[in-house]
>>> print(open('input_0.cif').read())   # mmCIF, C-alpha atoms and all ligand atoms
data_start
#
loop_
_atom_site.label_atom_id
_atom_site.label_comp_id
_atom_site.auth_asym_id
_atom_site.auth_seq_id
_atom_site.Cartn_x
_atom_site.Cartn_y
_atom_site.Cartn_z
CA MET A 81 -38.75 -23.65 38.32
CA THR A 82 -39.79 -27.05 39.77
CA PHE A 83 -43.01 -28.61 38.58
CA ASP A 84 -45.64 -27.04 40.78
CA PRO A 85 -48.95 -26.90 38.87
CA VAL A 86 -50.39 -24.20 41.12
CA ARG A 87 -47.36 -21.97 40.65
CA ILE A 88 -47.23 -22.70 36.93
CA ARG A 89 -50.89 -21.84 36.54
CA ALA A 90 -50.31 -18.52 38.31
CA GLU A 91 -47.89 -17.57 35.51
CA PHE A 92 -50.78 -17.48 33.01
CA PRO A 93 -52.88 -14.35 33.60
CA ALA A 94 -55.71 -15.40 31.26
CA LEU A 95 -56.45 -18.44 33.41
CA ALA A 96 -57.31 -16.27 36.43
CA GLN A 97 -60.79 -15.28 35.34
CA ASN A 98 -64.39 -16.32 35.63
CA VAL A 99 -66.33 -17.34 32.54
CA ASN A 100 -70.09 -17.39 32.81
CA GLY A 101 -69.76 -16.86 36.54
CA LYS A 102 -67.44 -19.85 37.09
CA PRO A 103 -63.64 -20.06 37.35
CA LEU A 104 -62.29 -20.75 33.87
CA VAL A 105 -61.15 -24.27 33.05
CA TYR A 106 -59.19 -24.06 29.81
CA LEU A 107 -59.11 -27.41 28.00
CA ASP A 108 -58.48 -26.12 24.49
CA SER A 109 -54.70 -25.91 24.38
CA ALA A 110 -54.46 -28.03 21.22
CA ALA A 111 -56.14 -25.09 19.45
CA THR A 112 -53.86 -22.56 21.11
CA SER A 113 -52.14 -22.51 24.47
CA GLN A 114 -52.39 -19.73 27.00
CA LYS A 115 -49.38 -17.42 27.31
CA PRO A 116 -47.22 -17.06 30.43
CA ARG A 117 -46.15 -13.66 31.77
CA HIS A 118 -42.58 -14.42 30.76
CA VAL A 119 -43.60 -14.43 27.08
CA LEU A 120 -45.86 -11.38 27.40
CA ARG A 121 -43.07 -9.43 29.14
CA ALA A 122 -40.47 -10.38 26.50
CA MET A 123 -42.71 -9.06 23.73
CA GLU A 124 -43.57 -5.95 25.69
CA ALA A 125 -39.87 -5.30 26.37
CA TYR A 126 -39.09 -5.54 22.66
CA TYR A 127 -41.85 -3.08 21.72
CA GLU A 128 -41.10 -0.72 24.61
CA HIS A 129 -37.30 -0.57 24.28
CA ASP A 130 -35.91 -2.20 21.15
CA ASN A 131 -38.57 -1.79 18.47
CA ALA A 132 -36.83 -1.48 15.09
CA ASN A 133 -36.53 -3.50 11.92
CA VAL A 134 -33.98 -6.32 11.86
CA HIS A 135 -30.90 -6.77 9.66
CA ARG A 136 -31.47 -3.34 8.10
CA GLY A 137 -30.59 -0.33 10.21
CA ILE A 138 -27.16 0.61 11.50
CA HIS A 139 -28.44 2.10 14.70
CA GLU A 140 -28.69 0.97 18.29
CA LEU A 141 -32.34 -0.10 18.28
CA SER A 142 -31.95 -2.10 15.08
CA ARG A 143 -28.84 -3.74 16.48
CA ARG A 144 -30.70 -4.74 19.66
CA ALA A 145 -33.77 -5.95 17.75
CA THR A 146 -31.57 -8.03 15.42
CA GLU A 147 -29.70 -9.52 18.35
CA ALA A 148 -32.92 -10.50 20.17
CA PHE A 149 -34.44 -11.89 16.96
CA GLU A 150 -31.39 -14.04 16.13
CA GLU A 151 -30.97 -15.09 19.75
CA ALA A 152 -34.55 -16.38 19.67
CA ARG A 153 -33.77 -18.34 16.50
CA GLY A 154 -30.85 -19.98 18.30
CA LYS A 155 -33.07 -20.91 21.25
CA VAL A 156 -35.74 -22.57 19.11
CA ALA A 157 -33.10 -24.31 16.97
CA ARG A 158 -31.28 -25.74 20.00
CA TRP A 159 -34.59 -26.72 21.58
CA ILE A 160 -35.42 -29.07 18.71
CA GLY A 161 -31.86 -30.34 18.33
CA ALA A 162 -30.98 -28.52 15.09
CA ALA A 163 -27.29 -28.62 14.18
CA ASP A 164 -27.25 -24.95 13.18
CA PRO A 165 -29.64 -21.98 13.74
CA ALA A 166 -29.37 -21.21 10.00
CA GLU A 167 -31.50 -24.32 9.40
CA LEU A 168 -34.41 -22.72 11.25
CA ILE A 169 -36.67 -20.52 9.13
CA TRP A 170 -39.18 -18.26 10.86
CA THR A 171 -42.70 -18.74 9.49
CA SER A 172 -46.23 -17.83 10.57
CA GLY A 173 -46.72 -21.34 11.99
CA THR A 174 -47.06 -24.94 10.91
CA THR A 175 -49.37 -24.02 8.02
CA GLY A 176 -46.84 -21.53 6.71
CA SER A 177 -44.00 -24.03 7.16
CA ILE A 178 -45.68 -26.87 5.27
CA ASN A 179 -46.76 -24.56 2.46
CA LEU A 180 -43.13 -23.43 2.20
CA VAL A 181 -41.85 -27.00 1.79
CA ALA A 182 -44.64 -28.14 -0.53
CA SER A 183 -44.17 -25.10 -2.73
CA ALA A 184 -40.45 -24.37 -2.71
CA TRP A 185 -39.08 -27.92 -2.42
CA GLY A 186 -42.09 -29.54 -4.10
CA LEU A 187 -42.17 -27.51 -7.30
CA ASP A 188 -38.44 -28.12 -7.83
CA ASN A 189 -38.54 -31.83 -7.11
CA VAL A 190 -41.96 -33.40 -7.75
CA ARG A 191 -43.05 -34.42 -11.27
CA ALA A 192 -46.03 -36.09 -12.94
CA GLY A 193 -46.30 -39.72 -11.85
CA ASP A 194 -44.44 -39.15 -8.56
CA GLU A 195 -46.22 -40.01 -5.33
CA ILE A 196 -46.75 -38.10 -2.09
CA LEU A 197 -47.61 -40.23 0.93
CA LEU A 198 -49.81 -38.71 3.64
CA SER A 199 -52.06 -40.29 6.26
CA VAL A 200 -55.75 -40.17 7.02
CA LEU A 201 -54.84 -38.63 10.41
CA GLU A 202 -53.55 -35.41 8.92
CA HIS A 203 -54.69 -31.90 9.72
CA HIS A 204 -55.81 -30.04 6.59
CA SER A 205 -52.57 -28.04 6.81
CA ASN A 206 -50.72 -31.22 5.95
CA ILE A 207 -53.10 -32.23 3.14
CA ILE A 208 -54.07 -29.15 1.16
CA PRO A 209 -50.54 -27.86 0.38
CA TRP A 210 -49.74 -31.33 -1.04
CA GLN A 211 -53.01 -31.43 -2.98
CA LEU A 212 -52.09 -28.08 -4.52
CA LEU A 213 -48.65 -29.43 -5.40
CA ALA A 214 -50.15 -32.62 -6.88
CA ARG A 215 -52.56 -30.55 -8.96
CA ARG A 216 -49.72 -28.39 -10.31
CA THR A 217 -47.35 -31.25 -11.05
CA GLY A 218 -49.54 -34.26 -11.86
CA ALA A 219 -48.22 -36.16 -8.83
CA ARG A 220 -50.47 -38.64 -7.03
CA LEU A 221 -51.48 -38.57 -3.36
CA ARG A 222 -51.58 -41.79 -1.36
CA TYR A 223 -52.69 -42.31 2.23
CA ILE A 224 -51.76 -44.50 5.18
CA GLU A 225 -55.07 -45.63 6.71
CA ILE A 226 -55.81 -45.78 10.45
CA ASP A 227 -57.24 -48.58 12.57
CA ASP A 228 -60.23 -48.33 14.92
CA GLN A 229 -58.02 -46.78 17.62
CA GLY A 230 -56.74 -44.09 15.27
CA ARG A 231 -53.27 -45.62 14.84
CA LEU A 232 -51.50 -45.63 11.49
CA ILE A 233 -51.62 -49.05 9.83
CA LEU A 234 -47.90 -49.35 9.29
CA ASP A 235 -48.16 -52.88 7.90
CA ASP A 236 -49.34 -51.18 4.72
CA LEU A 237 -46.17 -49.09 4.40
CA PRO A 238 -44.24 -51.51 2.16
CA SER A 239 -47.04 -51.52 -0.39
CA LEU A 240 -47.47 -47.72 -0.23
CA LEU A 241 -43.79 -46.83 -0.59
CA SER A 242 -41.88 -47.25 -3.82
CA ASP A 243 -39.27 -45.45 -5.88
CA ARG A 244 -42.13 -43.24 -7.09
CA THR A 245 -42.59 -41.85 -3.54
CA LYS A 246 -40.90 -38.47 -3.35
CA VAL A 247 -42.13 -37.31 0.02
CA VAL A 248 -43.84 -38.71 3.11
CA ALA A 249 -45.60 -36.04 5.19
CA ILE A 250 -47.01 -37.14 8.56
CA SER A 251 -48.03 -35.43 11.78
CA HIS A 252 -45.98 -36.14 14.88
CA VAL A 253 -49.16 -36.07 16.97
CA SER A 254 -52.74 -36.03 15.70
CA ASN A 255 -54.66 -32.97 16.87
CA ALA A 256 -58.01 -34.73 16.39
CA LEU A 257 -57.28 -37.96 18.31
CA GLY A 258 -54.01 -37.44 20.16
CA THR A 259 -52.28 -40.36 18.38
CA VAL A 260 -48.50 -40.17 18.70
CA ASN A 261 -46.97 -41.45 15.47
CA PRO A 262 -43.70 -43.47 15.25
CA ILE A 263 -41.92 -40.82 13.19
CA LYS A 264 -38.44 -42.31 13.44
CA ALA A 265 -39.56 -45.64 11.95
CA ILE A 266 -41.60 -43.96 9.20
CA ALA A 267 -38.67 -41.68 8.32
CA ALA A 268 -36.36 -44.68 8.05
CA ALA A 269 -38.83 -46.44 5.73
CA ALA A 270 -39.24 -43.27 3.63
CA HIS A 271 -35.48 -42.90 3.27
CA GLU A 272 -35.12 -46.51 2.16
CA VAL A 273 -37.04 -45.67 -1.02
CA GLY A 274 -35.30 -42.31 -1.40
CA ALA A 275 -38.25 -40.19 -0.22
CA LEU A 276 -38.02 -37.19 2.11
CA MET A 277 -39.74 -37.12 5.48
CA VAL A 278 -41.70 -33.98 6.38
CA VAL A 279 -43.17 -33.79 9.89
CA ASP A 280 -46.13 -31.68 10.93
CA GLY A 281 -44.94 -30.98 14.47
CA ALA A 282 -47.73 -28.59 15.47
CA GLN A 283 -48.77 -30.88 18.35
CA GLY A 284 -45.42 -32.64 18.73
CA ALA A 285 -42.72 -30.34 20.08
CA VAL A 286 -45.39 -28.86 22.37
CA HIS A 287 -45.61 -31.81 24.75
CA ALA A 288 -42.34 -33.71 24.56
CA LYS A 289 -38.66 -33.18 23.86
CA VAL A 290 -38.04 -33.32 20.13
CA ASP A 291 -34.67 -33.89 18.51
CA VAL A 292 -34.96 -33.57 14.75
CA GLN A 293 -31.60 -35.23 14.19
CA GLU A 294 -32.46 -38.17 16.42
CA LEU A 295 -35.79 -38.56 14.62
CA GLY A 296 -33.90 -38.66 11.33
CA VAL A 297 -36.37 -36.41 9.48
CA ASP A 298 -35.79 -33.86 6.73
CA PHE A 299 -38.23 -31.09 7.64
CA TYR A 300 -40.06 -30.35 10.90
CA ALA A 301 -42.83 -27.71 11.12
CA LEU A 302 -43.95 -26.06 14.35
CA SER A 303 -46.29 -23.37 15.67
CA GLY A 304 -45.26 -21.00 18.46
CA HIS A 305 -48.80 -20.35 19.65
CA LYS A 306 -49.39 -23.96 20.73
CA MET A 307 -46.29 -23.98 22.96
CA CYS A 308 -46.94 -20.88 25.08
CA GLY A 309 -45.70 -18.50 22.38
CA PRO A 310 -47.59 -15.80 20.46
CA THR A 311 -49.97 -16.36 17.56
CA GLY A 312 -48.42 -15.82 14.13
CA SER A 313 -45.08 -17.25 15.24
CA GLY A 314 -43.66 -20.52 14.01
CA ALA A 315 -40.74 -22.18 12.35
CA LEU A 316 -39.63 -24.65 9.76
CA TRP A 317 -36.52 -26.67 10.44
CA GLY A 318 -34.93 -28.26 7.40
CA ARG A 319 -31.73 -30.10 6.57
CA ARG A 320 -29.18 -27.58 5.41
CA ASP A 321 -28.35 -29.32 2.10
CA LEU A 322 -32.04 -29.41 1.17
CA LEU A 323 -32.66 -25.78 2.13
CA GLU A 324 -29.60 -24.67 0.21
CA ALA A 325 -30.69 -26.48 -2.94
CA MET A 326 -34.27 -25.14 -2.78
CA SER A 327 -35.57 -22.14 -4.69
CA PRO A 328 -36.90 -19.27 -2.58
CA TYR A 329 -40.55 -19.47 -1.53
CA GLN A 330 -41.45 -15.78 -1.60
CA GLY A 331 -39.56 -12.89 -3.10
CA GLY A 332 -39.00 -9.49 -1.50
CA GLY A 333 -36.72 -7.56 0.80
CA GLU A 334 -34.13 -9.31 2.95
CA MET A 335 -34.02 -12.57 0.96
CA ILE A 336 -31.67 -11.30 -1.76
CA HIS A 337 -27.94 -10.96 -2.15
CA PHE A 338 -27.89 -8.90 -5.33
CA VAL A 339 -30.78 -7.60 -7.48
CA GLY A 340 -30.48 -6.95 -11.19
CA ARG A 341 -33.12 -5.98 -13.75
CA ASP A 342 -33.77 -9.52 -14.91
CA GLU A 343 -31.90 -11.76 -12.52
CA SER A 344 -31.10 -11.73 -8.82
CA THR A 345 -29.15 -13.86 -6.39
CA TRP A 346 -30.30 -15.06 -2.99
CA ALA A 347 -29.19 -14.38 0.53
CA GLU A 348 -27.61 -17.10 2.66
CA LEU A 349 -29.73 -19.31 4.88
CA PRO A 350 -31.96 -18.69 6.71
CA HIS A 351 -32.68 -15.29 5.14
CA LYS A 352 -33.30 -16.75 1.67
CA PHE A 353 -36.68 -17.93 3.00
CA GLU A 354 -37.57 -14.85 5.04
CA ALA A 355 -38.80 -12.24 2.55
CA GLY A 356 -40.12 -9.00 4.02
CA THR A 357 -40.18 -7.70 7.56
CA PRO A 358 -40.55 -10.76 9.77
CA ASN A 359 -42.74 -11.20 12.84
CA ILE A 360 -39.97 -9.90 15.10
CA ALA A 361 -41.99 -9.73 18.31
CA GLY A 362 -43.43 -13.17 17.51
CA ALA A 363 -39.97 -14.70 17.15
CA ILE A 364 -38.83 -13.08 20.39
CA GLY A 365 -41.99 -14.35 22.11
CA MET A 366 -41.42 -17.86 20.78
CA GLY A 367 -37.84 -17.77 22.06
CA ALA A 368 -39.16 -16.70 25.47
CA ALA A 369 -41.65 -19.59 25.37
CA VAL A 370 -38.75 -21.99 24.80
CA ASP A 371 -36.96 -20.50 27.83
CA PHE A 372 -40.11 -20.89 29.92
CA LEU A 373 -40.71 -24.53 28.88
CA SER A 374 -37.02 -25.43 29.20
CA GLU A 375 -36.85 -24.08 32.71
CA ILE A 376 -39.76 -26.27 33.75
CA GLY A 377 -38.40 -29.19 31.72
CA MET A 378 -40.14 -31.04 28.90
CA GLU A 379 -39.79 -34.37 30.73
CA ALA A 380 -41.58 -32.98 33.79
CA ILE A 381 -44.31 -31.55 31.54
CA GLN A 382 -44.71 -34.89 29.82
CA VAL A 383 -44.99 -36.78 33.13
CA HIS A 384 -47.62 -34.31 34.36
CA GLU A 385 -49.65 -34.55 31.14
CA ARG A 386 -49.44 -38.34 31.14
CA ARG A 387 -50.91 -38.40 34.64
CA LEU A 388 -53.69 -36.02 33.61
CA LEU A 389 -54.46 -38.07 30.51
CA ALA A 390 -54.69 -41.29 32.52
CA TYR A 391 -57.03 -39.59 34.99
CA ALA A 392 -59.15 -38.08 32.21
CA MET A 393 -59.40 -41.35 30.27
CA ASP A 394 -60.60 -43.10 33.44
CA ARG A 395 -63.04 -40.45 34.57
CA VAL A 396 -64.44 -39.39 31.19
CA GLY A 397 -64.38 -42.99 29.94
CA ALA A 398 -66.60 -44.05 32.87
CA ILE A 399 -69.47 -41.75 31.81
CA GLU A 400 -72.38 -43.68 30.33
CA GLY A 401 -72.78 -43.10 26.60
CA ILE A 402 -69.24 -41.76 26.07
CA ARG A 403 -67.13 -42.94 23.19
CA ILE A 404 -63.48 -41.90 23.28
CA TYR A 405 -61.60 -41.90 19.96
CA GLY A 406 -57.86 -42.49 19.76
CA PRO A 407 -55.34 -45.04 21.07
CA GLU A 408 -56.12 -46.91 24.30
CA SER A 409 -52.44 -47.19 25.19
CA LEU A 410 -51.26 -44.02 26.90
CA ASP A 411 -47.82 -44.52 25.33
CA GLU A 412 -49.36 -43.78 21.95
CA HIS A 413 -51.70 -41.03 23.11
CA SER A 414 -50.92 -37.37 23.70
CA ALA A 415 -52.79 -34.89 25.91
CA VAL A 416 -56.08 -34.95 23.99
CA VAL A 417 -59.38 -36.66 24.78
CA SER A 418 -61.64 -36.68 21.74
CA PHE A 419 -65.12 -38.00 22.37
CA THR A 420 -68.80 -38.13 21.56
CA LEU A 421 -71.58 -38.48 24.13
CA GLY A 422 -74.68 -40.36 23.05
CA ASP A 423 -76.70 -38.36 20.56
CA ALA A 424 -75.58 -34.97 21.88
CA HIS A 425 -74.03 -32.89 19.13
CA PRO A 426 -70.42 -31.96 20.03
CA HIS A 427 -71.30 -28.27 19.50
CA ASP A 428 -74.08 -28.59 22.09
CA ILE A 429 -71.66 -30.33 24.46
CA SER A 430 -69.20 -27.48 24.02
CA THR A 431 -71.90 -24.82 24.51
CA ILE A 432 -73.16 -26.42 27.71
CA LEU A 433 -69.61 -26.85 29.03
CA ASP A 434 -68.93 -23.20 28.22
CA SER A 435 -71.89 -22.19 30.37
CA GLU A 436 -70.13 -24.14 33.16
CA GLY A 437 -66.89 -22.22 32.54
CA VAL A 438 -65.18 -25.13 30.77
CA ALA A 439 -63.59 -24.38 27.38
CA ILE A 440 -63.18 -27.30 24.97
CA ARG A 441 -63.26 -27.49 21.16
CA ALA A 442 -65.98 -29.19 19.13
CA GLY A 443 -65.98 -29.84 15.41
CA HIS A 444 -63.96 -31.70 12.82
CA HIS A 445 -60.73 -30.14 14.12
CA CYS A 446 -59.57 -29.48 10.55
CA ALA A 447 -59.23 -33.24 10.16
CA GLN A 448 -62.20 -34.22 8.04
CA LEU A 449 -60.57 -37.44 6.83
CA VAL A 450 -60.45 -38.64 10.45
CA MET A 451 -64.13 -37.84 10.95
CA LYS A 452 -65.01 -39.65 7.71
CA ARG A 453 -63.05 -42.71 8.87
CA TYR A 454 -65.40 -43.00 11.87
CA GLY A 455 -68.53 -41.93 10.02
CA ILE A 456 -69.07 -38.90 12.25
CA ALA A 457 -69.24 -35.16 11.58
CA ALA A 458 -67.48 -33.97 14.70
CA THR A 459 -66.12 -34.80 18.13
CA ALA A 460 -65.81 -32.87 21.36
CA ARG A 461 -62.15 -32.46 22.27
CA ALA A 462 -60.61 -31.66 25.65
CA SER A 463 -56.89 -30.95 25.43
CA PHE A 464 -54.49 -30.45 28.33
CA TYR A 465 -51.29 -28.62 28.98
CA LEU A 466 -48.85 -27.95 31.77
CA TYR A 467 -51.21 -25.58 33.60
CA ASN A 468 -54.10 -28.05 33.87
CA SER A 469 -54.87 -30.13 36.94
CA GLU A 470 -57.00 -33.07 38.05
CA GLU A 471 -59.52 -30.51 39.37
CA ASP A 472 -59.94 -29.22 35.81
CA ILE A 473 -60.85 -32.72 34.69
CA ASP A 474 -63.27 -33.05 37.61
CA ARG A 475 -64.95 -29.87 36.37
CA LEU A 476 -65.11 -31.32 32.84
CA VAL A 477 -66.73 -34.47 34.20
CA GLU A 478 -69.22 -32.41 36.24
CA GLY A 479 -70.04 -30.40 33.11
CA LEU A 480 -70.60 -33.60 31.14
CA GLY A 481 -73.01 -34.60 33.91
CA VAL A 482 -74.99 -31.44 33.08
CA VAL A 483 -74.93 -32.41 29.39
CA ARG A 484 -76.29 -35.84 30.25
CA GLY A 485 -78.97 -34.26 32.40
CA ILE A 486 -80.14 -32.20 29.43
CA PHE A 487 -79.85 -34.90 26.75
CA GLY A 488 -80.90 -37.82 28.92
N1 LIG B 501 -54.61 -27.23 15.01
C1 LIG B 501 -56.50 -27.40 16.51
O1 LIG B 501 -57.44 -26.92 17.16
P1 LIG B 501 -51.32 -23.42 12.61
O2 LIG B 501 -52.75 -22.99 12.51
O3 LIG B 501 -50.55 -23.17 11.34
O4 LIG B 501 -50.62 -22.93 13.82
O5 LIG B 501 -51.35 -25.01 12.82
C2 LIG B 501 -52.05 -25.83 11.92
C3 LIG B 501 -52.03 -27.24 12.42
C4 LIG B 501 -51.31 -28.19 11.73
N2 LIG B 501 -51.20 -29.45 12.16
C5 LIG B 501 -51.78 -29.85 13.29
C6 LIG B 501 -51.60 -31.26 13.75
C7 LIG B 501 -52.53 -28.94 14.04
O6 LIG B 501 -53.10 -29.34 15.16
C8 LIG B 501 -52.69 -27.62 13.58
C9 LIG B 501 -53.58 -26.65 14.30
C10 LIG B 501 -55.56 -26.46 15.78
O7 LIG B 501 -56.31 -28.60 16.46
C11 LIG B 501 -56.31 -25.45 14.99
S1 LIG B 501 -57.20 -26.16 13.65
#
>>> encode(input="input_0.cif", output="structure tokens", more="lines below")
Ligand code: C6P
Amino acid sequence: MTFDPVRIRAEFPALAQNVNGKPLVYLDSAATSQKPRHVLRAMEAYYEHDNANVHRGIHELSRRATEAFEEARGKVARWIGAADPAELIWTSGTTGSINLVASAWGLDNVRAGDEILLSVLEHHSNIIPWQLLARRTGARLRYIEIDDQGRLILDDLPSLLSDRTKVVAISHVSNALGTVNPIKAIAAAAHEVGALMVVDGAQGAVHAKVDVQELGVDFYALSGHKMCGPTGSGALWGRRDLLEAMSPYQGGGEMIHFVGRDESTWAELPHKFEAGTPNIAGAIGMGAAVDFLSEIGMEAIQVHERRLLAYAMDRVGAIEGIRIYGPESLDEHSAVVSFTLGDAHPHDISTILDSEGVAIRAGHHCAQLVMKRYGIAATARASFYLYNSEEDIDRLVEGLGVVRGIFG
């Protein structure tokens, strides 16, 4: 499929509707993306023809379900440059993935007095699991601060990293501001002091080609539902040697090799980390999402989004009373425009835009440390994806005109 925004948009049935009497403009893809027919059909086909549990039954449907499930794992693994599909663990999403690492790797490896380095940009999913680990182990949390444009202050890294640092956990892209973080450089600095690098990739792999080996990281977490896949799907990629050395996260069916009364042994990777019946349809849907995105091409998607972002920054930025948060340089900024407008509360902005058929998100975006850094409670956030167009941004700008009319 060549990059034709009109044709791409037509693949997403949910976009073809009116909301409050106006054609829907969906600018909330950072919260969750819409789903293309290709993904919906793949999930429907599984439930209609192949529905069975995986790795358990010796019958035709179970064989087919297992094949589709493992094929999807291979697709997602290859898509992020993993050396081996066994390094890709299915999870419920980025939150599930980070909790897995913080719990299973963290409890085995982090002790009192050790340090965990995060940043002020992080989503709560990349803060709370580490806080829980720190509370259980006596480790200390440290933070990389951000500058006025929402960029990590990397000059502070040498003073934040030491042989006490056991793990550095940073988002690839900030959901609240759109900041794209220099993961490769941070990973290299982390490794120099012997720390591991964990990446919250919820907003990363969605918009650009990711190669975990090229980035030189140790764990990479992603959510299927932000990249055209179904909700409840996601994955954790980890370096094989680390995954092999880790204790299981959850116990149950499928993750064992042998069970005794007091002791048991664990299944090989990736099954050691996949206790219980997995989200089979979700995995198949996520694999289909990878096929869909690959066919269009991540580079083409990135070029399209970059153009939209430039247009949005110009048009939204020109509105009187607007303040846009996040990097000014488009090279460091992903497909998110986070803003406030005069004294209008972001929830009011969102409500008024909704009445104009424009869906955005307002709030702290599960990134309260970012809000605190700017002394605000919330922002309004418009986020773009491959199915958005310049006309969508024009509608956003028109809607913001209505907001200004009401708030003066
Ligand atoms: N951000 C947003 O509107 P889950 O919910 O597990 O799929 O992803 C959590 C998560 C982790 N990290 C980042 C950077 C994220 O953006 C998100 C999800 C949504 O911004 C919902 S809060």
>>> residues_near_ligand(input="input_0.cif", ligand="ligand LIG 501 (chain B)", cutoff="6 Å", atoms="only C-alpha atoms and all ligand atoms", output="PyMOL selection string")
chain A and resi 110-111+173-175+203+205+251+254-255+280+282-283+303+445-446
>>> closest_residue(input="input_0.cif", among="A:Phe353, A:Trp346, A:Trp159, A:Phe92", to="Leu120 of chain A", atoms="all atoms listed in the file")
A:Phe92
>>> closest_residue(input="input_0.cif", among="A:Asp474, A:Asp321, A:Asp108, A:Glu140", to="Val416 of chain A", atoms="only C-alpha atoms")
A:Asp108
>>> closest_residue(input="input_0.cif", among="A:Ala392, A:Ile226, A:Val417, A:Ala398", to="Ser469 of chain A", atoms="all atoms listed in the file")
A:Ala392
>>> closest_residue(input="input_0.cif", among="A:Ile207, A:Leu241, A:Leu198, A:Leu389", to="Ile224 of chain A", atoms="all atoms listed in the file")
A:Leu198
>>> residues_around(input="input_0.cif", residues="Leu323 of chain A", least_positions_apart="6", cutoff="10 Å", atoms="all atoms listed in the file", output="PDB file with C-alpha atoms, in the coordinates of the input")
ATOM      1  CA  ALA A 166     -29.370 -21.210  10.000  1.00  0.00           C
ATOM      2  CA  GLU A 167     -31.500 -24.320   9.400  1.00  0.00           C
ATOM      3  CA  LEU A 168     -34.410 -22.720  11.250  1.00  0.00           C
ATOM      4  CA  ILE A 169     -36.670 -20.520   9.130  1.00  0.00           C
ATOM      5  CA  VAL A 181     -41.850 -27.000   1.790  1.00  0.00           C
ATOM      6  CA  ALA A 184     -40.450 -24.370  -2.710  1.00  0.00           C
ATOM      7  CA  TRP A 185     -39.080 -27.920  -2.420  1.00  0.00           C
ATOM      8  CA  ASP A 298     -35.790 -33.860   6.730  1.00  0.00           C
ATOM      9  CA  PHE A 299     -38.230 -31.090   7.640  1.00  0.00           C
ATOM     10  CA  TRP A 317     -36.520 -26.670  10.440  1.00  0.00           C
ATOM     11  CA  LEU A 349     -29.730 -19.310   4.880  1.00  0.00           C
ATOM     12  CA  PRO A 350     -31.960 -18.690   6.710  1.00  0.00           C
ATOM     13  CA  LYS A 352     -33.300 -16.750   1.670  1.00  0.00           C
ATOM     14  CA  PHE A 353     -36.680 -17.930   3.000  1.00  0.00           C
TER      15      PHE A 353
END
>>> residues_around(input="input_0.cif", residues="Arg191 of chain A", least_positions_apart="6", cutoff="7 Å", atoms="all atoms listed in the file", output="compact mmCIF listing (two decimals) with C-alpha atoms, in the frame of the given file")
# COMPACT_ATOMS: atom_id res chain seq x y z
CA THR A 217 -47.35 -31.25 -11.05
CA GLY A 218 -49.54 -34.26 -11.86
CA ALA A 219 -48.22 -36.16 -8.83
>>> residues_around(input="input_0.cif", residues="segment 284-296 of chain A", least_positions_apart="6", cutoff="9 Å", atoms="all atoms listed in the file", output="ChimeraX atom specification")
/A:158-163,251-254,260,263-265,267-268,277,302-304,306-308,317,377-379,381-382,385,414-415,465-466
>>> atom_distance(input="input_0.cif", atom1="atom CA of Glu348 of chain A", atom2="atom CA of Gly331 of chain A")
13.9 Å
>>> residues_near_point(input="input_0.cif", point="(-62.6, -38.6, 35.5)", cutoff="10 Å", atoms="all atoms listed in the file", output="list in words")
Leu388, Leu389, Ala390, Tyr391, Ala392, Met393, Asp394, Arg395, Val396, Gly397, Ala398, Ile399, Glu470, Glu471, Asp472, Ile473, Asp474, Arg475, Leu476, Val477 and Glu478 of chain A
>>> atom_distance(input="input_0.cif", atom1="atom CA of His118 of chain A", atom2="atom CA of Ser313 of chain A")
16.0 Å
>>> closest_residue(input="input_0.cif", among="A:Thr311, A:Gln229, A:Ser183, A:Ser142", to="Ile208 of chain A", atoms="all atoms listed in the file")
A:Ser183
>>> closest_residue(input="input_0.cif", among="A:Thr146, A:Ser463, A:Asn206, A:Asn131", to="Tyr300 of chain A", atoms="all atoms listed in the file")
A:Asn206
>>> build_atoms(input="input_0.cif", residues="segment 400-405 of chain A", atoms="N, CA, C and O atoms", output="PDB file, keeping the file's coordinate frame")
ATOM      1  N   GLU A 400     -71.522 -42.859  31.199  1.00  0.00           N
ATOM      2  CA  GLU A 400     -72.380 -43.680  30.330  1.00  0.00           C
ATOM      3  C   GLU A 400     -72.634 -42.954  29.003  1.00  0.00           C
ATOM      4  O   GLU A 400     -72.912 -41.745  28.993  1.00  0.00           O
ATOM      5  N   GLY A 401     -72.491 -43.680  27.917  1.00  0.00           N
ATOM      6  CA  GLY A 401     -72.780 -43.100  26.600  1.00  0.00           C
ATOM      7  C   GLY A 401     -71.590 -42.441  25.937  1.00  0.00           C
ATOM      8  O   GLY A 401     -71.689 -41.974  24.804  1.00  0.00           O
ATOM      9  N   ILE A 402     -70.439 -42.391  26.650  1.00  0.00           N
ATOM     10  CA  ILE A 402     -69.240 -41.760  26.070  1.00  0.00           C
ATOM     11  C   ILE A 402     -68.552 -42.718  25.127  1.00  0.00           C
ATOM     12  O   ILE A 402     -68.432 -43.908  25.411  1.00  0.00           O
ATOM     13  N   ARG A 403     -68.072 -42.188  24.015  1.00  0.00           N
ATOM     14  CA  ARG A 403     -67.130 -42.940  23.190  1.00  0.00           C
ATOM     15  C   ARG A 403     -65.890 -42.085  23.018  1.00  0.00           C
ATOM     16  O   ARG A 403     -65.977 -40.951  22.526  1.00  0.00           O
ATOM     17  N   ILE A 404     -64.748 -42.622  23.457  1.00  0.00           N
ATOM     18  CA  ILE A 404     -63.480 -41.900  23.280  1.00  0.00           C
ATOM     19  C   ILE A 404     -62.794 -42.448  22.036  1.00  0.00           C
ATOM     20  O   ILE A 404     -62.705 -43.658  21.846  1.00  0.00           O
ATOM     21  N   TYR A 405     -62.321 -41.522  21.186  1.00  0.00           N
ATOM     22  CA  TYR A 405     -61.600 -41.900  19.960  1.00  0.00           C
ATOM     23  C   TYR A 405     -60.100 -41.764  20.236  1.00  0.00           C
ATOM     24  O   TYR A 405     -59.691 -40.912  21.017  1.00  0.00           O
TER      25      TYR A 405
END
